[in-house]
Every structure is written in C-alpha cells, then in structure tokens.
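Text of the file model_1.pdb, holding PDB, C-alpha atoms:
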```
ATOM      1  CA  MET A  14       0.000   0.000   0.000  1.00  0.00           C
ATOM      2  CA  PRO A  15       2.420   2.714  -1.108  1.00  0.00           C
ATOM      3  CA  ASP A  16       1.629   6.126   0.351  1.00  0.00           C
ATOM      4  CA  PRO A  17       1.464   8.760  -2.428  1.00  0.00           C
ATOM      5  CA  VAL A  18       3.230  11.250  -0.174  1.00  0.00           C
ATOM      6  CA  GLU A  19       6.231   8.905  -0.292  1.00  0.00           C
ATOM      7  CA  THR A  20       5.961   7.784  -3.921  1.00  0.00           C
ATOM      8  CA  ASN A  21       5.263  11.243  -5.424  1.00  0.00           C
ATOM      9  CA  PRO A  22       6.389  13.800  -2.850  1.00  0.00           C
ATOM     10  CA  SER A  23       6.621  16.575  -5.430  1.00  0.00           C
ATOM     11  CA  LEU A  24       2.894  16.204  -6.252  1.00  0.00           C
ATOM     12  CA  TYR A  25       1.274  15.272  -2.898  1.00  0.00           C
ATOM     13  CA  ASN A  26       1.540  17.314   0.295  1.00  0.00           C
ATOM     14  CA  VAL A  27       0.038  16.711   3.731  1.00  0.00           C
ATOM     15  CA  VAL A  28      -1.786  19.934   4.635  1.00  0.00           C
ATOM     16  CA  PHE A  29      -3.561  18.722   7.789  1.00  0.00           C
ATOM     17  CA  GLU A  30      -3.554  15.611   9.960  1.00  0.00           C
ATOM     18  CA  ASN A  31      -5.115  14.480  13.225  1.00  0.00           C
ATOM     19  CA  GLU A  32      -6.303  11.149  14.657  1.00  0.00           C
ATOM     20  CA  ARG A  33      -9.379  10.951  12.375  1.00  0.00           C
ATOM     21  CA  VAL A  34      -8.280  12.330   9.017  1.00  0.00           C
ATOM     22  CA  ARG A  35      -5.327  13.267   6.865  1.00  0.00           C
ATOM     23  CA  VAL A  36      -5.765  15.947   4.195  1.00  0.00           C
ATOM     24  CA  LEU A  37      -3.563  15.766   1.096  1.00  0.00           C
ATOM     25  CA  GLU A  38      -3.175  18.470  -1.521  1.00  0.00           C
ATOM     26  CA  TYR A  39      -2.385  17.198  -5.022  1.00  0.00           C
ATOM     27  CA  ARG A  40      -1.132  19.555  -7.755  1.00  0.00           C
ATOM     28  CA  ASP A  41       0.306  18.672 -11.139  1.00  0.00           C
ATOM     29  CA  GLN A  42       0.721  19.988 -14.672  1.00  0.00           C
ATOM     30  CA  PRO A  43      -0.409  18.511 -18.000  1.00  0.00           C
ATOM     31  CA  GLY A  44       1.621  15.390 -18.801  1.00  0.00           C
ATOM     32  CA  ASP A  45       2.567  14.655 -15.203  1.00  0.00           C
ATOM     33  CA  ARG A  46       2.146  11.049 -14.028  1.00  0.00           C
ATOM     34  CA  THR A  47       2.045   9.378 -10.662  1.00  0.00           C
ATOM     35  CA  THR A  48       3.491   5.965  -9.852  1.00  0.00           C
ATOM     36  CA  PRO A  49       1.140   3.305  -8.398  1.00  0.00           C
ATOM     37  CA  HIS A  50      -0.044   4.293  -4.913  1.00  0.00           C
ATOM     38  CA  SER A  51      -2.930   3.628  -2.544  1.00  0.00           C
ATOM     39  CA  HIS A  52      -5.688   5.783  -1.129  1.00  0.00           C
ATOM     40  CA  PRO A  53      -7.893   4.904   1.852  1.00  0.00           C
ATOM     41  CA  ASP A  54     -11.610   5.818   1.659  1.00  0.00           C
ATOM     42  CA  SER A  55     -11.422   9.527   0.834  1.00  0.00           C
ATOM     43  CA  VAL A  56     -13.469  12.534  -0.221  1.00  0.00           C
ATOM     44  CA  MET A  57     -11.973  14.431  -3.163  1.00  0.00           C
ATOM     45  CA  VAL A  58     -12.702  18.165  -3.417  1.00  0.00           C
ATOM     46  CA  THR A  59     -11.643  19.524  -6.789  1.00  0.00           C
ATOM     47  CA  MET A  60      -9.927  22.933  -6.855  1.00  0.00           C
ATOM     48  CA  SER A  61      -9.466  22.927 -10.662  1.00  0.00           C
ATOM     49  CA  THR A  62     -11.148  21.443 -13.730  1.00  0.00           C
ATOM     50  CA  PHE A  63      -9.070  18.556 -15.098  1.00  0.00           C
ATOM     51  CA  ASP A  64      -8.865  15.407 -17.242  1.00  0.00           C
ATOM     52  CA  ARG A  65      -6.995  12.344 -15.984  1.00  0.00           C
ATOM     53  CA  ARG A  66      -6.345   8.761 -16.957  1.00  0.00           C
ATOM     54  CA  LEU A  67      -6.306   6.329 -14.037  1.00  0.00           C
ATOM     55  CA  SER A  68      -4.955   2.816 -14.312  1.00  0.00           C
ATOM     56  CA  VAL A  69      -4.328  -0.287 -12.267  1.00  0.00           C
ATOM     57  CA  GLY A  70      -3.179  -3.498 -13.932  1.00  0.00           C
ATOM     58  CA  ASP A  71      -5.213  -3.872 -17.134  1.00  0.00           C
ATOM     59  CA  GLN A  72      -7.962  -1.493 -15.992  1.00  0.00           C
ATOM     60  CA  VAL A  73      -7.948   2.028 -17.401  1.00  0.00           C
ATOM     61  CA  ARG A  74     -10.478   4.804 -16.821  1.00  0.00           C
ATOM     62  CA  GLU A  75     -10.557   8.413 -17.959  1.00  0.00           C
ATOM     63  CA  VAL A  76     -11.995  10.893 -15.500  1.00  0.00           C
ATOM     64  CA  SER A  77     -13.002  14.508 -16.114  1.00  0.00           C
ATOM     65  CA  LEU A  78     -14.069  16.636 -13.184  1.00  0.00           C
ATOM     66  CA  GLU A  79     -15.103  20.252 -12.819  1.00  0.00           C
ATOM     67  CA  SER A  80     -13.663  22.594 -10.228  1.00  0.00           C
ATOM     68  CA  GLY A  81     -15.717  22.820  -7.027  1.00  0.00           C
ATOM     69  CA  ALA A  82     -16.954  19.222  -7.044  1.00  0.00           C
ATOM     70  CA  ALA A  83     -16.919  16.658  -4.241  1.00  0.00           C
ATOM     71  CA  ALA A  84     -16.561  12.962  -5.052  1.00  0.00           C
ATOM     72  CA  TRP A  85     -16.118   9.765  -3.058  1.00  0.00           C
ATOM     73  CA  LEU A  86     -12.937   7.823  -3.766  1.00  0.00           C
ATOM     74  CA  PRO A  87     -13.307   4.311  -2.329  1.00  0.00           C
ATOM     75  CA  ALA A  88     -10.067   2.772  -1.017  1.00  0.00           C
ATOM     76  CA  GLN A  89      -7.967   1.713  -3.997  1.00  0.00           C
ATOM     77  CA  THR A  90      -4.558   1.472  -5.623  1.00  0.00           C
ATOM     78  CA  HIS A  91      -3.970   3.236  -8.949  1.00  0.00           C
ATOM     79  CA  ALA A  92      -1.641   5.421 -10.972  1.00  0.00           C
ATOM     80  CA  GLY A  93      -2.736   8.661 -12.636  1.00  0.00           C
ATOM     81  CA  GLU A  94      -1.791  10.825 -15.590  1.00  0.00           C
ATOM     82  CA  ASN A  95      -2.856  14.371 -16.386  1.00  0.00           C
ATOM     83  CA  ILE A  96      -4.109  14.000 -19.982  1.00  0.00           C
ATOM     84  CA  GLY A  97      -5.691  17.461 -20.189  1.00  0.00           C
ATOM     85  CA  THR A  98      -4.475  20.985 -20.816  1.00  0.00           C
ATOM     86  CA  SER A  99      -4.950  22.359 -17.284  1.00  0.00           C
ATOM     87  CA  GLU A 100      -3.369  21.695 -13.926  1.00  0.00           C
ATOM     88  CA  THR A 101      -4.920  19.159 -11.575  1.00  0.00           C
ATOM     89  CA  HIS A 102      -5.546  20.594  -8.111  1.00  0.00           C
ATOM     90  CA  VAL A 103      -7.397  18.374  -5.657  1.00  0.00           C
ATOM     91  CA  MET A 104      -7.764  18.116  -1.890  1.00  0.00           C
ATOM     92  CA  PHE A 105      -8.126  14.539  -0.559  1.00  0.00           C
ATOM     93  CA  VAL A 106      -9.757  14.128   2.851  1.00  0.00           C
ATOM     94  CA  GLU A 107      -8.572  10.655   3.867  1.00  0.00           C
ATOM     95  CA  LEU A 108     -10.570   8.787   6.518  1.00  0.00           C
ATOM     96  CA  LYS A 109      -8.305   7.013   9.001  1.00  0.00           C
ATOM     97  CA  GLU A 110     -10.956   4.916  10.714  1.00  0.00           C
ATOM     98  CA  PRO A 111     -11.440   1.544   9.025  1.00  0.00           C
ATOM     99  CA  GLY A 112     -14.591   1.466   6.917  1.00  0.00           C
ATOM    100  CA  GLN A 113     -16.792  -1.445   6.019  1.00  0.00           C
ATOM    101  CA  ALA A 114     -14.955  -3.297   3.246  1.00  0.00           C
ATOM    102  CA  SER A 115     -16.991  -2.796   0.113  1.00  0.00           C
ATOM    103  CA  GLY A 116     -15.338  -5.459  -2.029  1.00  0.00           C
ATOM    104  CA  GLU A 117     -13.555  -4.547  -5.223  1.00  0.00           C
ATOM    105  CA  ALA A 118     -13.796  -0.799  -5.628  1.00  0.00           C
ATOM    106  CA  ALA A 119     -14.278   0.630  -9.098  1.00  0.00           C
ATOM    107  CA  LEU A 120     -11.299   2.563 -10.411  1.00  0.00           C
ATOM    108  CA  GLY A 121     -11.414   6.278  -9.645  1.00  0.00           C
ATOM    109  CA  PRO A 122     -14.049   8.426  -7.990  1.00  0.00           C
ATOM    110  CA  GLN A 123     -17.651   7.335  -7.879  1.00  0.00           C
ATOM    111  CA  SER A 124     -19.815   9.136 -10.380  1.00  0.00           C
ATOM    112  CA  ALA A 125     -21.971  11.800  -8.796  1.00  0.00           C
TER
ATOM    113  CA  MET B   9     -28.409  19.896  17.399  1.00  0.00           C
ATOM    114  CA  PRO B  10     -30.039  21.822  14.513  1.00  0.00           C
ATOM    115  CA  ASP B  11     -28.830  20.703  11.102  1.00  0.00           C
ATOM    116  CA  PRO B  12     -27.674  23.717   9.060  1.00  0.00           C
ATOM    117  CA  VAL B  13     -29.267  22.214   5.947  1.00  0.00           C
ATOM    118  CA  GLU B  14     -32.599  22.628   7.744  1.00  0.00           C
ATOM    119  CA  THR B  15     -31.955  25.951   9.490  1.00  0.00           C
ATOM    120  CA  ASN B  16     -30.329  27.733   6.500  1.00  0.00           C
ATOM    121  CA  PRO B  17     -31.351  25.797   3.399  1.00  0.00           C
ATOM    122  CA  SER B  18     -30.568  28.721   1.087  1.00  0.00           C
ATOM    123  CA  LEU B  19     -26.920  28.725   2.231  1.00  0.00           C
ATOM    124  CA  TYR B  20     -26.113  25.026   2.828  1.00  0.00           C
ATOM    125  CA  ASN B  21     -26.514  22.239   0.278  1.00  0.00           C
ATOM    126  CA  VAL B  22     -25.772  18.527   0.536  1.00  0.00           C
ATOM    127  CA  VAL B  23     -23.524  17.733  -2.434  1.00  0.00           C
ATOM    128  CA  PHE B  24     -22.586  14.148  -1.490  1.00  0.00           C
ATOM    129  CA  GLU B  25     -23.577  11.628   1.157  1.00  0.00           C
ATOM    130  CA  ASN B  26     -22.848   7.994   1.978  1.00  0.00           C
ATOM    131  CA  GLU B  27     -22.631   5.920   5.155  1.00  0.00           C
ATOM    132  CA  ARG B  28     -19.321   7.473   6.268  1.00  0.00           C
ATOM    133  CA  VAL B  29     -19.527  11.136   5.312  1.00  0.00           C
ATOM    134  CA  ARG B  30     -21.811  13.949   4.256  1.00  0.00           C
ATOM    135  CA  VAL B  31     -20.399  16.818   2.198  1.00  0.00           C
ATOM    136  CA  LEU B  32     -22.022  20.238   2.508  1.00  0.00           C
ATOM    137  CA  GLU B  33     -21.408  23.222   0.268  1.00  0.00           C
ATOM    138  CA  TYR B  34     -21.837  26.605   1.948  1.00  0.00           C
ATOM    139  CA  ARG B  35     -22.097  29.823  -0.070  1.00  0.00           C
ATOM    140  CA  ASP B  36     -23.080  33.281   1.097  1.00  0.00           C
ATOM    141  CA  GLN B  37     -22.619  36.962   0.352  1.00  0.00           C
ATOM    142  CA  PRO B  38     -21.267  39.787   2.552  1.00  0.00           C
ATOM    143  CA  GLY B  39     -23.713  40.552   5.345  1.00  0.00           C
ATOM    144  CA  ASP B  40     -25.377  37.143   5.291  1.00  0.00           C
ATOM    145  CA  ARG B  41     -25.895  35.436   8.660  1.00  0.00           C
ATOM    146  CA  THR B  42     -26.710  31.915   9.748  1.00  0.00           C
ATOM    147  CA  THR B  43     -28.908  30.960  12.677  1.00  0.00           C
ATOM    148  CA  PRO B  44     -27.436  28.730  15.418  1.00  0.00           C
ATOM    149  CA  HIS B  45     -26.688  25.247  14.076  1.00  0.00           C
ATOM    150  CA  SER B  46     -24.448  22.278  14.799  1.00  0.00           C
ATOM    151  CA  HIS B  47     -21.593  20.638  12.939  1.00  0.00           C
ATOM    152  CA  PRO B  48     -20.160  17.192  13.672  1.00  0.00           C
ATOM    153  CA  ASP B  49     -16.356  16.760  13.450  1.00  0.00           C
ATOM    154  CA  SER B  50     -15.641  18.097   9.954  1.00  0.00           C
ATOM    155  CA  VAL B  51     -12.896  19.103   7.566  1.00  0.00           C
ATOM    156  CA  MET B  52     -13.457  22.514   5.958  1.00  0.00           C
ATOM    157  CA  VAL B  53     -11.962  23.109   2.511  1.00  0.00           C
ATOM    158  CA  THR B  54     -12.135  26.790   1.589  1.00  0.00           C
ATOM    159  CA  MET B  55     -13.093  27.647  -2.001  1.00  0.00           C
ATOM    160  CA  SER B  56     -12.892  31.438  -1.431  1.00  0.00           C
ATOM    161  CA  THR B  57     -11.045  33.887   0.815  1.00  0.00           C
ATOM    162  CA  PHE B  58     -13.400  35.246   3.479  1.00  0.00           C
ATOM    163  CA  ASP B  59     -13.853  36.939   6.868  1.00  0.00           C
ATOM    164  CA  ARG B  60     -16.478  35.700   9.308  1.00  0.00           C
ATOM    165  CA  ARG B  61     -17.652  36.286  12.842  1.00  0.00           C
ATOM    166  CA  LEU B  62     -18.692  33.123  14.704  1.00  0.00           C
ATOM    167  CA  SER B  63     -20.646  33.195  17.931  1.00  0.00           C
ATOM    168  CA  VAL B  64     -22.216  30.908  20.478  1.00  0.00           C
ATOM    169  CA  GLY B  65     -23.675  32.319  23.686  1.00  0.00           C
ATOM    170  CA  ASP B  66     -21.252  34.976  24.939  1.00  0.00           C
ATOM    171  CA  GLN B  67     -18.332  33.643  22.902  1.00  0.00           C
ATOM    172  CA  VAL B  68     -17.386  35.479  19.715  1.00  0.00           C
ATOM    173  CA  ARG B  69     -14.494  34.780  17.361  1.00  0.00           C
ATOM    174  CA  GLU B  70     -13.498  36.373  14.064  1.00  0.00           C
ATOM    175  CA  VAL B  71     -12.031  34.013  11.504  1.00  0.00           C
ATOM    176  CA  SER B  72     -10.235  34.901   8.262  1.00  0.00           C
ATOM    177  CA  LEU B  73      -9.280  32.124   5.878  1.00  0.00           C
ATOM    178  CA  GLU B  74      -7.623  32.052   2.484  1.00  0.00           C
ATOM    179  CA  SER B  75      -8.993  30.120  -0.466  1.00  0.00           C
ATOM    180  CA  GLY B  76      -7.504  26.650  -0.869  1.00  0.00           C
ATOM    181  CA  ALA B  77      -7.024  25.928   2.823  1.00  0.00           C
ATOM    182  CA  ALA B  78      -8.049  22.873   4.834  1.00  0.00           C
ATOM    183  CA  ALA B  79      -8.989  23.245   8.492  1.00  0.00           C
ATOM    184  CA  TRP B  80     -10.404  20.971  11.176  1.00  0.00           C
ATOM    185  CA  LEU B  81     -13.752  22.028  12.648  1.00  0.00           C
ATOM    186  CA  PRO B  82     -14.333  20.091  15.878  1.00  0.00           C
ATOM    187  CA  ALA B  83     -17.985  19.262  16.596  1.00  0.00           C
ATOM    188  CA  GLN B  84     -19.720  22.432  17.761  1.00  0.00           C
ATOM    189  CA  THR B  85     -22.776  24.657  17.696  1.00  0.00           C
ATOM    190  CA  HIS B  86     -22.424  28.236  16.449  1.00  0.00           C
ATOM    191  CA  ALA B  87     -23.888  30.959  14.268  1.00  0.00           C
ATOM    192  CA  GLY B  88     -21.898  32.787  11.596  1.00  0.00           C
ATOM    193  CA  GLU B  89     -21.872  36.138   9.823  1.00  0.00           C
ATOM    194  CA  ASN B  90     -20.004  37.177   6.699  1.00  0.00           C
ATOM    195  CA  ILE B  91     -18.252  40.364   7.885  1.00  0.00           C
ATOM    196  CA  GLY B  92     -15.997  40.706   4.838  1.00  0.00           C
ATOM    197  CA  THR B  93     -16.352  42.024   1.315  1.00  0.00           C
ATOM    198  CA  SER B  94     -16.229  38.684  -0.536  1.00  0.00           C
ATOM    199  CA  GLU B  95     -18.465  35.652  -0.724  1.00  0.00           C
ATOM    200  CA  THR B  96     -17.876  32.717   1.593  1.00  0.00           C
ATOM    201  CA  HIS B  97     -17.579  29.430  -0.284  1.00  0.00           C
ATOM    202  CA  VAL B  98     -16.650  26.369   1.780  1.00  0.00           C
ATOM    203  CA  MET B  99     -16.993  22.615   1.452  1.00  0.00           C
ATOM    204  CA  PHE B 100     -17.589  20.766   4.752  1.00  0.00           C
ATOM    205  CA  VAL B 101     -16.681  17.073   4.869  1.00  0.00           C
ATOM    206  CA  GLU B 102     -18.693  15.867   7.863  1.00  0.00           C
ATOM    207  CA  LEU B 103     -17.598  12.644   9.576  1.00  0.00           C
ATOM    208  CA  LYS B 104     -20.544  10.448  10.489  1.00  0.00           C
ATOM    209  CA  GLU B 105     -18.702   7.968  12.690  1.00  0.00           C
ATOM    210  CA  PRO B 106     -18.617   9.071  16.335  1.00  0.00           C
ATOM    211  CA  GLY B 107     -15.225  10.465  17.296  1.00  0.00           C
ATOM    212  CA  GLN B 108     -13.564  10.534  20.680  1.00  0.00           C
ATOM    213  CA  ALA B 109     -15.252  13.327  22.608  1.00  0.00           C
ATOM    214  CA  SER B 110     -12.649  16.044  23.009  1.00  0.00           C
ATOM    215  CA  GLY B 111     -14.429  18.085  25.677  1.00  0.00           C
ATOM    216  CA  GLU B 112     -15.381  21.673  25.027  1.00  0.00           C
ATOM    217  CA  ALA B 113     -14.321  22.496  21.483  1.00  0.00           C
ATOM    218  CA  ALA B 114     -12.974  25.954  20.763  1.00  0.00           C
ATOM    219  CA  LEU B 115     -15.244  28.096  18.597  1.00  0.00           C
ATOM    220  CA  GLY B 116     -14.521  27.833  14.890  1.00  0.00           C
ATOM    221  CA  PRO B 117     -11.824  25.981  12.965  1.00  0.00           C
ATOM    222  CA  GLN B 118      -8.586  25.011  14.643  1.00  0.00           C
ATOM    223  CA  SER B 119      -5.705  27.253  13.706  1.00  0.00           C
ATOM    224  CA  ALA B 120      -3.343  25.619  11.234  1.00  0.00           C
TER
END
```
Give the structure from the file, written as structure tokens.
Amino acid sequence: MPDPVETNPSLYNVVFENERVRVLEYRDQPGDRTTPHSHPDSVMVTMSTFDRRLSVGDQVREVSLESGAAAWLPAQTHAGENIGTSETHVMFVELKEPGQASGEAALGPQSA
Amino acid sequence: MPDPVETNPSLYNVVFENERVRVLEYRDQPGDRTTPHSHPDSVMVTMSTFDRRLSVGDQVREVSLESGAAAWLPAQTHAGENIGTSETHVMFVELKEPGQASGEAALGPQSA
C-alpha cells in the first residue's frame, strides 16, 4: 500500500492531519504522471477542472471533473496521468478509521 | 443539534452523502448570517477567501481564511456572519462515525 506522499512527494503534500483524518493536496501539470499508490476511503474536493487517466493493472479509466466538485474515492490502488491541458488541483480528505470493506472498488471516484 | 441544511437551506446544500460522510457546500454573500446550528467533526476546505464572525452564547471569534485551505472544525454549535467584502464558499466534509469526545471544542476551525 504505497503512500502517495512517499511515492510522489513533489505532487502530494500533507496539509492537515489528526487522529481521524489526513488531508492531502495534489497539484500537477499537463503530462505529469504518478506511480502506483494507494488511497484509503477519501473525499476528493476539486480545486481545478481537469482530465486524468487512471490505471491499475489492465484497468484504465478516464476521469473529467469540474472545479468545485466533491466525489467519493473508495479505497484503492492506482496510478494517474494528467491528460488534459490544465493543472490538476485536488484536496483529498482521507478517513483514518477503518470502513466497512466494500469489495472490489471501481477505479477512480464514484460518479456523482 | 439543529442541522444547518434545515436551518439555512438557502446557504447550505448537501452535495454528497454515503454511510461514512456527508459533504455540505456553503455559499453566502457579505452581510449574510446563519442561525445557530451544529456541525459534527468536519474538515473545511475553503473555495474562497473570506472573513467571518462566529458566535455561540457569549463567545465570539473572528475568523479569516484564504482560499484553498483545509482546516479541522471540531464538533460544535455556532452561528456565523459574513463580515468581509467577498463571498464565503466552503466545502464541509462531515464525519458520520462518532469520534472521541474532546471536551469543550474551541469556537470555529482550529488554527493551522
């Protein structure tokens, strides 16, 4: 379960942490890629409008989100690539408490 | 424990909800006020830069936050007023699971 703060420290920053949550800020530029990493159950709040390609193993999914959206990211491992023309800027509110395992999570955020 | 979605439905909207979290979007204009309402333990993500006055009983606190910040709001009851010259736009990620009671929470978000 590689922590993205360790695998991509130039893209992910811890902006807040206590016993219940950790908040990560992610910022990249078009063409930037992340290496495979894991997220716990998290809420994503988008601070920019962006287009990304997420992948894990043979699964690939393209995701486009508008700025100012909130989406649920079920616990998962993936890698990402900024395939758009704008920066990606997202806040991840990670839940530290163990959730009810929901089986195989779909790749990427759940559609609103 | 009045729910702000019920007490100020023109200012608070539920933008996402599942069994672990509820995400509220708050938007107001200068001069707008909320009536007393309660928040569970929450992460605030600021989408605008704003100045507010929070109050509960005799306690009053003025809070200024920059856009793009994350702050912890411990469970509390308060009322708010936009005392600045810009809109307030905040996403609240409310934690549904009961946290460890931390006694009397300070008014407003915890300083970073």
Superposition output for chain A against chain B, all Cα paired in order, as a compact mmCIF listing (two decimals) with C-alpha atoms, keeping the file's coordinate frame:
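Result file result-v2.txt:
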```
# COMPACT_ATOMS: atom_id res chain seq x y z
CA MET A 14 -28.43 19.91 17.39
CA PRO A 15 -30.04 21.83 14.53
CA ASP A 16 -28.84 20.71 11.11
CA PRO A 17 -27.68 23.73 9.05
CA VAL A 18 -29.27 22.23 5.95
CA GLU A 19 -32.61 22.63 7.73
CA THR A 20 -31.96 25.95 9.48
CA ASN A 21 -30.33 27.73 6.49
CA PRO A 22 -31.35 25.80 3.38
CA SER A 23 -30.58 28.72 1.09
CA LEU A 24 -26.91 28.72 2.22
CA TYR A 25 -26.11 25.02 2.84
CA ASN A 26 -26.50 22.25 0.27
CA VAL A 27 -25.76 18.53 0.53
CA VAL A 28 -23.51 17.72 -2.43
CA PHE A 29 -22.58 14.14 -1.49
CA GLU A 30 -23.58 11.62 1.16
CA ASN A 31 -22.86 7.99 1.98
CA GLU A 32 -22.63 5.91 5.17
CA ARG A 33 -19.31 7.49 6.28
CA VAL A 34 -19.52 11.15 5.32
CA ARG A 35 -21.81 13.96 4.27
CA VAL A 36 -20.40 16.82 2.19
CA LEU A 37 -22.03 20.24 2.51
CA GLU A 38 -21.41 23.22 0.27
CA TYR A 39 -21.83 26.61 1.96
CA ARG A 40 -22.10 29.83 -0.08
CA ASP A 41 -23.09 33.28 1.10
CA GLN A 42 -22.62 36.97 0.35
CA PRO A 43 -21.26 39.78 2.54
CA GLY A 44 -23.70 40.54 5.36
CA ASP A 45 -25.38 37.14 5.30
CA ARG A 46 -25.90 35.43 8.67
CA THR A 47 -26.71 31.92 9.74
CA THR A 48 -28.92 30.97 12.67
CA PRO A 49 -27.44 28.73 15.41
CA HIS A 50 -26.69 25.24 14.06
CA SER A 51 -24.45 22.28 14.80
CA HIS A 52 -21.60 20.64 12.94
CA PRO A 53 -20.15 17.19 13.67
CA ASP A 54 -16.35 16.76 13.45
CA SER A 55 -15.65 18.09 9.96
CA VAL A 56 -12.89 19.11 7.57
CA MET A 57 -13.45 22.52 5.97
CA VAL A 58 -11.96 23.12 2.52
CA THR A 59 -12.13 26.79 1.59
CA MET A 60 -13.09 27.65 -2.01
CA SER A 61 -12.89 31.44 -1.44
CA THR A 62 -11.04 33.88 0.81
CA PHE A 63 -13.39 35.24 3.49
CA ASP A 64 -13.85 36.94 6.87
CA ARG A 65 -16.48 35.68 9.31
CA ARG A 66 -17.66 36.27 12.84
CA LEU A 67 -18.68 33.12 14.70
CA SER A 68 -20.64 33.19 17.93
CA VAL A 69 -22.22 30.91 20.49
CA GLY A 70 -23.69 32.33 23.69
CA ASP A 71 -21.25 34.98 24.94
CA GLN A 72 -18.32 33.64 22.91
CA VAL A 73 -17.39 35.48 19.73
CA ARG A 74 -14.49 34.79 17.37
CA GLU A 75 -13.50 36.36 14.07
CA VAL A 76 -12.03 34.02 11.50
CA SER A 77 -10.23 34.89 8.26
CA LEU A 78 -9.28 32.12 5.89
CA GLU A 79 -7.62 32.05 2.49
CA SER A 80 -8.98 30.13 -0.47
CA GLY A 81 -7.50 26.64 -0.87
CA ALA A 82 -7.03 25.93 2.83
CA ALA A 83 -8.05 22.87 4.84
CA ALA A 84 -9.00 23.24 8.50
CA TRP A 85 -10.41 20.96 11.19
CA LEU A 86 -13.74 22.03 12.65
CA PRO A 87 -14.34 20.09 15.88
CA ALA A 88 -17.99 19.26 16.60
CA GLN A 89 -19.72 22.43 17.77
CA THR A 90 -22.78 24.65 17.69
CA HIS A 91 -22.43 28.23 16.44
CA ALA A 92 -23.89 30.96 14.27
CA GLY A 93 -21.90 32.79 11.59
CA GLU A 94 -21.88 36.13 9.83
CA ASN A 95 -20.00 37.17 6.70
CA ILE A 96 -18.25 40.36 7.89
CA GLY A 97 -16.00 40.71 4.83
CA THR A 98 -16.36 42.03 1.31
CA SER A 99 -16.23 38.69 -0.54
CA GLU A 100 -18.46 35.66 -0.73
CA THR A 101 -17.87 32.72 1.60
CA HIS A 102 -17.57 29.43 -0.27
CA VAL A 103 -16.65 26.38 1.78
CA MET A 104 -16.99 22.62 1.46
CA PHE A 105 -17.59 20.77 4.77
CA VAL A 106 -16.68 17.08 4.87
CA GLU A 107 -18.69 15.87 7.87
CA LEU A 108 -17.59 12.65 9.57
CA LYS A 109 -20.56 10.45 10.49
CA GLU A 110 -18.71 7.98 12.69
CA PRO A 111 -18.63 9.07 16.33
CA GLY A 112 -15.25 10.48 17.30
CA GLN A 113 -13.55 10.52 20.65
CA ALA A 114 -15.22 13.33 22.61
CA SER A 115 -12.62 16.03 23.00
CA GLY A 116 -14.38 18.08 25.66
CA GLU A 117 -15.38 21.66 25.01
CA ALA A 118 -14.32 22.51 21.48
CA ALA A 119 -12.98 25.97 20.77
CA LEU A 120 -15.24 28.10 18.60
CA GLY A 121 -14.52 27.83 14.89
CA PRO A 122 -11.83 25.99 12.97
CA GLN A 123 -8.59 25.01 14.63
CA SER A 124 -5.72 27.25 13.68
CA ALA A 125 -3.37 25.64 11.19
```
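Counting only C-alpha atoms, every residue of chain A that comes within 9 Å of chain B is listed here: Val28, Phe29, Glu30, Asn31, Arg33, Val34, Val36, Val56, Val58, Met60, Gly81, Ala82, Ala83, Ala84, Trp85, Met104, Val106, Leu108, Glu110, Gly112 and Ala125 of chain A.
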Residue members of the PyMOL selection byres ((chain A and resi 89) around 6) in the file shown, as a compact mmCIF listing (two decimals) with C-alpha atoms, in the frame of the given file:
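Dumped everything to part.txt:
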```
# COMPACT_ATOMS: atom_id res chain seq x y z
CA SER A 51 -2.93 3.63 -2.54
CA HIS A 52 -5.69 5.78 -1.13
CA ALA A 88 -10.07 2.77 -1.02
CA THR A 90 -4.56 1.47 -5.62
```
Between atom CA of A:Met14 and atom CA of A:Arg46, what is the distance in Å, rounded to a tenth?
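So the two atoms, atom CA of A:Met14 and atom CA of A:Arg46, lie 18.0 Å apart.
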Please return, as a short mmCIF file (atom, residue, chain, number, x, y, z; two decimals) with C-alpha atoms, keeping the file's coordinate frame, all polymer residues that have at least one atom within 12 Å of the point (-20.4, 38.5, 8.2); use only C-alpha atoms and the file's own coordinate frame.
```cif
data_model
loop_
_atom_site.label_atom_id
_atom_site.label_comp_id
_atom_site.auth_asym_id
_atom_site.auth_seq_id
_atom_site.Cartn_x
_atom_site.Cartn_y
_atom_site.Cartn_z
CA ASP B 36 -23.08 33.28 1.10
CA GLN B 37 -22.62 36.96 0.35
CA PRO B 38 -21.27 39.79 2.55
CA GLY B 39 -23.71 40.55 5.34
CA ASP B 40 -25.38 37.14 5.29
CA ARG B 41 -25.90 35.44 8.66
CA THR B 42 -26.71 31.92 9.75
CA PHE B 58 -13.40 35.25 3.48
CA ASP B 59 -13.85 36.94 6.87
CA ARG B 60 -16.48 35.70 9.31
CA ARG B 61 -17.65 36.29 12.84
CA LEU B 62 -18.69 33.12 14.70
CA SER B 63 -20.65 33.20 17.93
CA ARG B 69 -14.49 34.78 17.36
CA GLU B 70 -13.50 36.37 14.06
CA VAL B 71 -12.03 34.01 11.50
CA SER B 72 -10.24 34.90 8.26
CA ALA B 87 -23.89 30.96 14.27
CA GLY B 88 -21.90 32.79 11.60
CA GLU B 89 -21.87 36.14 9.82
CA ASN B 90 -20.00 37.18 6.70
CA ILE B 91 -18.25 40.36 7.88
CA GLY B 92 -16.00 40.71 4.84
CA THR B 93 -16.35 42.02 1.32
CA SER B 94 -16.23 38.68 -0.54
CA GLU B 95 -18.46 35.65 -0.72
CA THR B 96 -17.88 32.72 1.59
#
```
Please measure the separation of atom CA of A:Ser61 and atom CA of A:Glu19, giving the value in Å to one decimal.
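For atom CA of A:Ser61 relative to atom CA of A:Glu19, the distance reads 23.5 Å.
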Might you spell out which residues the PyMOL selection byres ((chain B and resi 17) around 12) would select in the displayed file, as a VMD selection string?
chain B and resid 10 to 16 18 to 22 32 to 36 42 to 43 45
Atom CA of A:Pro87 and atom CA of B:Pro82, how far apart in Å?
24.1 Å
From the structure just shown, export stretch 58-69 of chain B with C-alpha atoms as a PDB file, in the first residue's frame.
```
ATOM      1  CA  PHE B  58     -13.400  35.246   3.479  1.00  0.00           C
ATOM      2  CA  ASP B  59     -13.853  36.939   6.868  1.00  0.00           C
ATOM      3  CA  ARG B  60     -16.478  35.700   9.308  1.00  0.00           C
ATOM      4  CA  ARG B  61     -17.652  36.286  12.842  1.00  0.00           C
ATOM      5  CA  LEU B  62     -18.692  33.123  14.704  1.00  0.00           C
ATOM      6  CA  SER B  63     -20.646  33.195  17.931  1.00  0.00           C
ATOM      7  CA  VAL B  64     -22.216  30.908  20.478  1.00  0.00           C
ATOM      8  CA  GLY B  65     -23.675  32.319  23.686  1.00  0.00           C
ATOM      9  CA  ASP B  66     -21.252  34.976  24.939  1.00  0.00           C
ATOM     10  CA  GLN B  67     -18.332  33.643  22.902  1.00  0.00           C
ATOM     11  CA  VAL B  68     -17.386  35.479  19.715  1.00  0.00           C
ATOM     12  CA  ARG B  69     -14.494  34.780  17.361  1.00  0.00           C
TER      13      ARG B  69
END
```
